[in-house]
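Read through the structure below, which is laid out as structure tokens, and then see the notes.
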Amino acid sequence: MRWVDRADDLLFDGETIETQVAVGDGGVVVTSHRVLAFTPDRDGPNYRTVDRPNVEGVDRTTSGNWAFLEQGLKALVAGIVLIVAGQLISLDNLIGGISLDSAGASGQLGLGGMMGLLGSMLTLLAQLDEIMQLFGGLALAFAAVVLGVYAWSRESLLVLSVAGEDDIELTAPEDDHALDQLRTALFPSEGPPDPDRERVPEDSPA
């Protein structure tokens with residue numbers, strides 16, 4: 001049996017359960033005095049308890065590995081720049097007009113090796129646009145893989161904001177019923193949000 005279903009064993013004398021929400025292998029229990037959070041599927045301790053006055057909010061958020069997103073965006077930008085530059089820059093015509101056929105004169109001056117090296121460099125420059133497009137394609141492929149890993153790492157979280165301490169995170173349920181249930185128990189004076197109520201702009205007269 002999950003600990004969230006055995007919360008009665010953790011209550012103090014005179015403490016009563018007001019609402020109980022199971023989320024995956026864990027869950028949240030709101031009592032008359034505290035909030036008991038069971039997080040066996042998260043990093044860190046499996047159980048945390050917070051006095052109710054220290055709980056400031058209940059929200060849904062999305063988390064992911066931002067390092068993958070950053071690297072993926074950098075590779076995406078680099079790939080696009082290289083491919084566009086490779087299509088716009090063409091040195092074939094410019095380099096094609098350079099002739100290094102005067103090998104006899106170069107040999108007499110002892111510049112044969114230097115001219116060979118220069119010829120290799122010119123050949124490489126003539127293929128610069130193709131090389132840029134090749135590396136651009138590789139960068140885009142790398143970006144697709146990294147961004148795919150980032151998308152896979154994203155998850156929806158139920159977050160309890162705690163004053164003066166780290167927030168409590170749980171895997172969020174698919175709908176918002178559990179969040180509304182917790183908000184109603186923790187902040188009864190506020191009540192659940194009313195989607196039909198029109199919001200009055202702050203700068204409009206009351």
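Convention: chains lettered A, B, ... in structure tokens order; per-chain residue numbering from 1; ligands numbered from 1 as shown.
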For Val29 (chain A), please output as a PyMOL selection string all residues within 8 Å (counting only C-alpha atoms; exclusion window: fewer than 3 positions along the same chain). chain A and resi 4+7+17-21+35-37
Taking into account only C-alpha atoms, which residue in the set A:Glu15, A:Asp43, A:Glu56, A:Asp129 is nearest to Glu169 (chain A)?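 Using only C-alpha atoms, the shortest distance to Glu169 (chain A) belongs to A:Asp43.
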Name all residues at most 12 Å from Gln181 (chain A) (count only C-alpha atoms; drop same-chain ones fewer than 5 positions away) and give them as a list in words. Glu18, Thr19, Gln20, Val21, Ala22, Val28, Val29, Val30, Val58, Asp59, Asp175, Asp176, Leu186, Phe187, Pro188, Gly191, Pro192 and Pro193 of chain A
Selected residues, C-alpha atoms, written as a tab-separated table (two decimals), in the first residue's frame, please.
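Listed below is the output, part-v6.tsv:
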chain	number	residue	atom	x	y	z
A	18	GLU	CA	-9.03	17.40	4.87
A	19	THR	CA	-8.17	16.20	1.39
A	20	GLN	CA	-6.05	13.48	-0.14
A	21	VAL	CA	-4.75	13.44	-3.74
A	22	ALA	CA	-2.87	10.47	-5.20
A	28	VAL	CA	-0.36	15.06	-1.40
A	29	VAL	CA	-2.36	14.98	1.80
A	30	VAL	CA	-3.69	18.22	3.29
A	58	VAL	CA	-0.26	25.18	-6.04
A	59	ASP	CA	0.63	25.38	-9.73
A	175	ASP	CA	-6.36	17.20	-15.65
A	176	ASP	CA	-6.57	20.15	-13.24
A	186	LEU	CA	-5.30	25.01	1.26
A	187	PHE	CA	-6.91	28.35	0.43
A	188	PRO	CA	-10.62	27.97	1.18
A	191	GLY	CA	-12.06	29.07	-3.78
A	192	PRO	CA	-11.47	27.39	-7.14
A	193	PRO	CA	-10.96	29.60	-10.19
Rounded to one decimal place, report the CA of Leu147 (chain A)-CA of Pro40 (chain A) distance in Å. 28.2 Å
So that I can see what lies close to region 72-89 of chain A, please list as number ranges by chain the residues with an atom at most 10 Å from it, counting only C-alpha atoms and leaving out residues fewer than 2 positions away in the same chain. A: 66-70, 91-92, 127-150
Within 12 Å of Gly44 (chain A), counting only C-alpha atoms, which residues show up once you throw out same-chain ones fewer than 5 positions away? Write them as a PyMOL selection string, please. chain A and resi 38-39+166+168-170
Interatomic distance, CA of Thr171 (chain A) to CA of Asp41 (chain A) (Å, one decimal):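 So the answer is 8.2 Å.
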Go through A:Ser63, A:Gly26, A:Ser153, A:Val50 one by one, measure the shortest atom-to-atom distance of each to Arg6 (chain A) using only C-alpha atoms, and give the residue with the smallest value. A:Gly26
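Coordinates place CA of Asn65 (chain A) at a distance of 28.1 Å from CA of Arg183 (chain A).
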DSSP on the backbone: which residues in region 36-85 of chain A end up as helix (DSSP H, G or I)? Give the answer as a PyMOL selection string. chain A and resi 52-54+66-85
Between A:Asp51, A:Asn46, A:Leu11, A:Gly57, which has the minimum distance to Gly27 (chain A) (counting only C-alpha atoms)?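 Using only C-alpha atoms, Gly27 (chain A) sits closest to A:Asn46.
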Using only C-alpha atoms, which residue out of A:Thr16, A:Pro173, A:Gly24, A:Leu160 lies closest to Trp3 (chain A)? A:Gly24
Give me the residues within 9 Å of Thr62 (chain A) as JSON, numbers by chain, counting only C-alpha atoms and dropping any in the same chain fewer than 3 places off. {"A": [154, 155, 156, 157, 158]}
